[in-house]
file work_20.cif (mmCIF, C-alpha atoms)
data_coords
loop_
_atom_site.group_PDB
_atom_site.id
_atom_site.type_symbol
_atom_site.label_atom_id
_atom_site.label_comp_id
_atom_site.auth_asym_id
_atom_site.auth_seq_id
_atom_site.Cartn_x
_atom_site.Cartn_y
_atom_site.Cartn_z
ATOM 1 C CA MET M 1447 -20.567 -51.465 13.873
ATOM 2 C CA THR M 1448 -20.038 -48.134 12.112
ATOM 3 C CA THR M 1449 -22.829 -45.671 11.671
ATOM 4 C CA LEU M 1450 -22.963 -43.933 8.306
ATOM 5 C CA ALA M 1451 -24.697 -40.627 7.762
ATOM 6 C CA LEU M 1452 -27.631 -41.212 5.445
ATOM 7 C CA LYS M 1453 -28.176 -38.867 2.531
ATOM 8 C CA GLU M 1454 -31.800 -39.871 2.316
ATOM 9 C CA GLN M 1455 -34.355 -40.801 4.915
ATOM 10 C CA ARG M 1456 -37.742 -42.384 4.538
ATOM 11 C CA ILE M 1457 -40.722 -40.368 5.781
ATOM 12 C CA ASN M 1458 -44.484 -40.690 5.691
ATOM 13 C CA ILE M 1459 -46.507 -37.914 4.127
ATOM 14 C CA TYR M 1460 -50.204 -37.547 3.493
ATOM 15 C CA MET M 1461 -51.368 -36.421 0.084
ATOM 16 C CA ASP M 1462 -54.696 -35.969 -1.652
ATOM 17 C CA ILE M 1463 -55.725 -39.256 -3.293
ATOM 18 C CA ASN M 1464 -56.200 -37.499 -6.634
ATOM 19 C CA TYR M 1465 -52.523 -36.533 -6.683
ATOM 20 C CA ILE M 1466 -51.495 -40.033 -5.713
ATOM 21 C CA ASN M 1467 -53.561 -41.524 -8.523
ATOM 22 C CA GLN M 1468 -52.086 -39.067 -11.020
ATOM 23 C CA LEU M 1469 -48.581 -39.943 -9.897
ATOM 24 C CA LYS M 1470 -49.290 -43.670 -10.128
ATOM 25 C CA GLU M 1471 -50.552 -43.179 -13.665
ATOM 26 C CA LEU M 1472 -47.447 -41.204 -14.627
ATOM 27 C CA VAL M 1473 -45.244 -43.992 -13.259
ATOM 28 C CA LYS M 1474 -47.298 -46.586 -15.115
ATOM 29 C CA GLU M 1475 -46.886 -44.592 -18.350
ATOM 30 C CA LYS M 1476 -43.151 -44.291 -17.556
ATOM 31 C CA LYS M 1477 -43.343 -40.490 -17.690
ATOM 32 C CA ILE M 1478 -41.699 -40.236 -14.281
ATOM 33 C CA PRO M 1479 -39.201 -42.696 -12.758
ATOM 34 C CA SER M 1480 -41.051 -43.080 -9.456
ATOM 35 C CA MET M 1481 -43.447 -41.275 -7.156
ATOM 36 C CA SER M 1482 -40.687 -40.885 -4.605
ATOM 37 C CA LYS M 1483 -38.210 -39.360 -7.055
ATOM 38 C CA PHE M 1484 -40.869 -37.036 -8.482
ATOM 39 C CA CYS M 1485 -41.857 -35.807 -4.999
ATOM 40 C CA GLN M 1486 -38.223 -35.371 -3.991
ATOM 41 C CA GLU M 1487 -37.545 -33.229 -7.069
ATOM 42 C CA ALA M 1488 -40.731 -31.208 -6.517
ATOM 43 C CA VAL M 1489 -39.740 -30.472 -2.914
ATOM 44 C CA GLN M 1490 -36.217 -29.548 -4.020
ATOM 45 C CA GLU M 1491 -37.588 -27.118 -6.643
ATOM 46 C CA LYS M 1492 -39.937 -25.517 -4.105
ATOM 47 C CA LEU M 1493 -37.145 -25.140 -1.529
ATOM 48 C CA GLN M 1494 -34.893 -23.543 -4.146
ATOM 49 C CA ALA M 1495 -37.678 -21.114 -5.100
ATOM 50 C CA LEU M 1496 -38.194 -20.188 -1.438
ATOM 51 C CA GLU M 1497 -34.436 -19.643 -0.993
ATOM 52 C CA LYS M 1498 -34.381 -17.416 -4.081
ATOM 53 C CA GLN M 1499 -37.288 -15.387 -2.657
ATOM 54 C CA ARG M 1500 -35.382 -15.018 0.617
ATOM 55 C CA LYS M 1501 -32.251 -13.814 -1.175
ATOM 56 C CA ASP M 1502 -34.268 -11.427 -3.352
ATOM 57 C CA GLN M 1503 -35.813 -9.950 -0.206
ATOM 58 C CA LEU M 1504 -32.374 -9.522 1.375
ATOM 59 C CA MET M 1505 -31.144 -7.765 -1.771
ATOM 60 C CA LEU M 1506 -34.129 -5.394 -1.673
ATOM 61 C CA GLU M 1507 -33.425 -4.624 1.970
ATOM 62 C CA ALA M 1508 -29.740 -4.033 1.192
ATOM 63 C CA ALA M 1509 -30.644 -1.699 -1.678
ATOM 64 C CA ASN M 1510 -32.572 0.457 0.796
ATOM 65 C CA ASP M 1511 -29.946 0.343 3.556
ATOM 66 C CA SER M 1512 -28.054 3.636 3.447
ATOM 67 C CA GLU M 1513 -25.200 2.348 5.630
ATOM 68 C CA PHE M 1514 -24.697 -0.678 3.357
ATOM 69 C CA LEU M 1515 -24.777 1.509 0.257
ATOM 70 C CA ALA M 1516 -22.241 3.894 1.824
ATOM 71 C CA ARG M 1517 -19.872 0.987 2.536
ATOM 72 C CA CYS M 1518 -20.259 -0.258 -1.041
ATOM 73 C CA GLU M 1519 -19.491 3.197 -2.405
ATOM 74 C CA GLU M 1520 -16.453 3.480 -0.151
ATOM 75 C CA ILE M 1521 -15.117 0.143 -1.384
ATOM 76 C CA GLN M 1522 -15.830 1.128 -4.979
ATOM 77 C CA ASN M 1523 -13.912 4.377 -4.513
ATOM 78 C CA ASP M 1524 -10.993 2.527 -2.905
ATOM 79 C CA PHE M 1525 -10.666 0.245 -5.915
ATOM 80 C CA ALA M 1526 -11.302 2.960 -8.507
ATOM 81 C CA ALA M 1527 -7.747 4.232 -8.079
ATOM 82 C CA ILE M 1528 -6.246 0.924 -9.173
ATOM 83 C CA ASP M 1529 -5.191 0.780 -12.811
ATOM 84 C CA PHE M 1530 -5.752 -2.868 -13.718
ATOM 85 C CA GLU M 1531 -4.774 -2.370 -17.352
ATOM 86 C CA GLY M 1532 -1.372 -1.054 -16.353
ATOM 87 C CA HIS M 1533 -0.460 -4.162 -14.384
ATOM 88 C CA LYS M 1534 0.537 -7.459 -15.886
ATOM 89 C CA PHE M 1535 0.157 -10.348 -13.517
ATOM 90 C CA LYS M 1536 2.800 -13.041 -13.688
ATOM 91 C CA GLN M 1537 1.417 -16.528 -13.957
ATOM 92 C CA LYS M 1538 3.104 -19.299 -12.045
ATOM 93 C CA ALA M 1539 4.588 -21.929 -14.280
#
call {"tool": "encode", "arguments": {"input": "work_20.cif", "output": "structure tokens"}}
result
Amino acid sequence: MTTLALKEQRINIYMDINYINQLKELVKEKKIPSMSKFCQEAVQEKLQALEKQRKDQLMLEAANDSEFLARCEEIQNDFAAIDFEGHKFKQKA
């Protein structure tokens, strides 16, 4: 028998009963497809927001890193000498 990697896995979570009742009502009113799908999307949105915060923090740290900024300036100066407008790139047919 072959084992397939599952994209989704069932878990148990505990949630305030008020939230559960609200979700059940939204499903009943057909405003959300299912409690499971709604929770999955909510978790995905929160994880994306946390990842954005992490990246923003890294960018702030990089902006204050003098060695990083010096490397960026060096690269910028290396490429400044290239005249892109003077070159025509041949496209492969």
call {"tool": "atom_distance", "arguments": {"input": "work_20.cif", "atom1": "CA of Ser1482 in chain M", "atom2": "CA of Arg1456 in chain M"}}
result
9.7 Å
call {"tool": "atom_distance", "arguments": {"input": "work_20.cif", "atom1": "CA of Lys1492 in chain M", "atom2": "CA of Ala1509 in chain M"}}
result
25.7 Å
call {"tool": "resolve_selection", "arguments": {"input": "work_20.cif", "expression": "the PyMOL selection byres ((chain M and resi 1469) around 12)", "output": "list in words"}}
result
Met1461, Asp1462, Ile1463, Asn1464, Tyr1465, Ile1466, Asn1467, Gln1468, Lys1470, Glu1471, Leu1472, Val1473, Lys1474, Glu1475, Lys1476, Lys1477, Ile1478, Pro1479, Ser1480, Met1481, Ser1482, Lys1483, Phe1484 and Cys1485 of chain M
call {"tool": "atom_distance", "arguments": {"input": "work_20.cif", "atom1": "CA of Gln1499 in chain M", "atom2": "CA of Glu1513 in chain M"}}
result
23.0 Å
call {"tool": "residues_around", "arguments": {"input": "work_20.cif", "residues": "Ile1457 in chain M", "least_positions_apart": "2", "cutoff": "12 Å", "atoms": "only C-alpha atoms", "output": "PyMOL selection string"}}
result
chain M and resi 1454-1455+1459-1460+1482+1485-1486
call {"tool": "axis_aligned_box", "arguments": {"input": "work_20.cif", "around": "range 1523-1529 of chain M", "padding_each_side": "4 Å", "output": "AutoDock Vina command-line options"}}
result
--center_x -9.6 --center_y 2.3 --center_z -7.9 --size_x 16.7 --size_y 12.1 --size_z 17.9
